[in-house]
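Asks: This is the structure I want to talk about, given as structure tokens.
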Amino acid sequence: MSGSDVQFLTINGHRRAFVRAGSGPALLLLHGLGCDHTTWDAVIEPLSRRYTVIAPDLLGHGQSDKPRADYTLGGFANGMRDLLTVLGIDKVTVVGHSFGGGVAMQFAYQFPERTERLMLVASGGLGPEVTPAIRAISLPGFHPVMRVLTLPGLRQVGMAGLRALAGTGMSATRDLGEVAAIYDTFRDPRARHAVRHVVKAVVDWQGQVVTMADRAYLTEAMPLWVVWGRDDKVIPVQHANHAAELAPRARVEVFPDSGHFPHKDHPERFARLVQEFTRTTEPAAYSRARFRALLKAGAVPDSLRAVSDTA
């Protein structure tokens, strides 16, 4: 469970869980697929000393409702806009991990007037490659297979095995403890259905189908930092290089001795990096004229089309 008090708001008929901590400029922390706000537990307290930290459970995840609903990136971005509006928060620095990075990019694209900065952590949307385990979720057999694998006896054995492998200290298995926690959530059929809808919107059997490549030039008007773990086995660290090619003004940080969850592997360093990001960059000031000019000029350079075309 989270170390912070979880609050609830019903917005558009759906109950949304979130943590709010601290005061100061607002940070919106968006978790990845199958996770929830607790993925940020180790960094919420240090960040809340300087910032208002908002860490929601995305719809279909954690303690938020899991309805038959819109699980597209645009739907999630709208949900975050609505949550921030109800909370009375106009502008945020958005930090998104994995699938949450895709939501963060979509939020910045849809609501640039409300986005001050963008930090992507082992983010989706920067290339087609992704672990086969996530590709498998998009296949028709996922739900019936997972229904069997999450029966009480099998689930306990499976989780114990994953956690034992995670405890070996090997870089290839370091993230399996997180995988075990996600696996445990799949005992709820509503969570399984929600996650499958999420994955089908962004991934097929070949890999990721959503990319920021065709809109990366818009980050010229917004500070962008990218953080990755060198040993990431879920989304390869090479995608950090894609980000640097697509958005040359972006700063890229690769954590050694880290996997898909750098904010959990090295929480103190991660919190310091977020603080450095906000301290050394000016928040984006939305200008409709500048945004219009970028859109009108916005051809993707030929040298970058290969990255876009492979996604």
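Following the order of the structure tokens, chains are lettered A, B, ..., residues in each are numbered from 1, and ligands are numbered from 1.
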Find the spatial neighbours of A:Ala17, counting only C-alpha atoms, within a cut-off of 10 Å - ignore same-chain residues fewer than 2 positions away - and output them as a PyMOL selection string.
Replies: chain A and resi 6-10+14-15+19+36-37+55-59+61-65
Asks: Grab the residues selected above and save them as a PDB file, in the first residue's frame with C-alpha atoms.
Replies:
```pdb
ATOM      1  CA  VAL A   6      -5.239   8.060  -0.961  1.00  0.00           C
ATOM      2  CA  GLN A   7      -8.053  10.437  -1.872  1.00  0.00           C
ATOM      3  CA  PHE A   8     -10.996   9.864  -4.195  1.00  0.00           C
ATOM      4  CA  LEU A   9     -13.001  12.022  -6.581  1.00  0.00           C
ATOM      5  CA  THR A  10     -15.855  10.970  -8.840  1.00  0.00           C
ATOM      6  CA  HIS A  14     -16.011   7.263 -12.470  1.00  0.00           C
ATOM      7  CA  ARG A  15     -14.223   7.176  -9.125  1.00  0.00           C
ATOM      8  CA  VAL A  19      -2.397  10.995  -3.804  1.00  0.00           C
ATOM      9  CA  ASP A  36      -0.576   2.492  -9.752  1.00  0.00           C
ATOM     10  CA  HIS A  37       0.508   5.537  -7.750  1.00  0.00           C
ATOM     11  CA  ALA A  55       0.043  10.905  -8.263  1.00  0.00           C
ATOM     12  CA  PRO A  56      -3.182   9.373  -9.638  1.00  0.00           C
ATOM     13  CA  ASP A  57      -4.222   5.820 -10.318  1.00  0.00           C
ATOM     14  CA  LEU A  58      -5.110   5.965 -14.003  1.00  0.00           C
ATOM     15  CA  LEU A  59      -8.568   4.703 -14.891  1.00  0.00           C
ATOM     16  CA  HIS A  61      -5.646   0.736 -12.500  1.00  0.00           C
ATOM     17  CA  GLY A  62      -5.093   0.594  -8.754  1.00  0.00           C
ATOM     18  CA  GLN A  63      -8.005   1.852  -6.676  1.00  0.00           C
ATOM     19  CA  SER A  64      -9.606   3.823  -9.522  1.00  0.00           C
ATOM     20  CA  ASP A  65     -12.698   2.450 -11.236  1.00  0.00           C
TER      21      ASP A  65
END
```
Asks: Within 8 Å of stretch 197-201 of chain A, counting only C-alpha atoms, which residues show up once you throw out same-chain ones fewer than 4 positions away? Write them as a PyMOL selection string, please.
Replies: chain A and resi 71-73+134-135+137-138+193
Asks: Once you count only C-alpha atoms, what closest atom pair and distance in Å to one decimal does each residue of stretch 9-108 of chain A within 7 Å of stretch 114-121 of chain A have, with rows by chain and rising residue number, as a Markdown table?
Replies:
```
| residue | atom | partner | partner_atom | distance |
| --- | --- | --- | --- | --- |
| A:Asp90 | CA | A:Arg114 | CA | 6.0 |
| A:Lys91 | CA | A:Arg114 | CA | 4.3 |
| A:Val92 | CA | A:Thr115 | CA | 5.3 |
| A:Thr93 | CA | A:Arg117 | CA | 4.6 |
| A:Val94 | CA | A:Leu118 | CA | 5.1 |
| A:Val95 | CA | A:Met119 | CA | 4.7 |
| A:Gly96 | CA | A:Leu120 | CA | 5.2 |
| A:His97 | CA | A:Val121 | CA | 4.5 |
| A:Ser98 | CA | A:Val121 | CA | 6.3 |
| A:Gly101 | CA | A:Leu120 | CA | 5.2 |
| A:Ala108 | CA | A:Thr115 | CA | 5.6 |
```
Asks: For A:Gly79, which residue out of A:Ile11, A:Leu29, A:Val130, A:Ala181 is the nearest one, using only C-alpha atoms?
Replies: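 Checking each candidate against A:Gly79, we get A:Ile11 as the closest.
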Asks: What lies within 8 Å of stretch 230-244 of chain A using only C-alpha atoms, ignoring chain neighbours under 2 positions off, as a ChimeraX atom specification?
Replies: /A:122-124,126-127,129-131,171-172,226-228,246-252,254-260,307
Asks: To one decimal place, how far is atom CA of A:Val53 from atom CA of A:Gly24 in Å?
Replies: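 Distance between the two atoms: 8.7 Å.
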Asks: Can you work out the spacing between atom CA of A:Asn12 and atom CA of A:Gly74 in Å, to one decimal?
Replies: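 So the answer is 15.3 Å.
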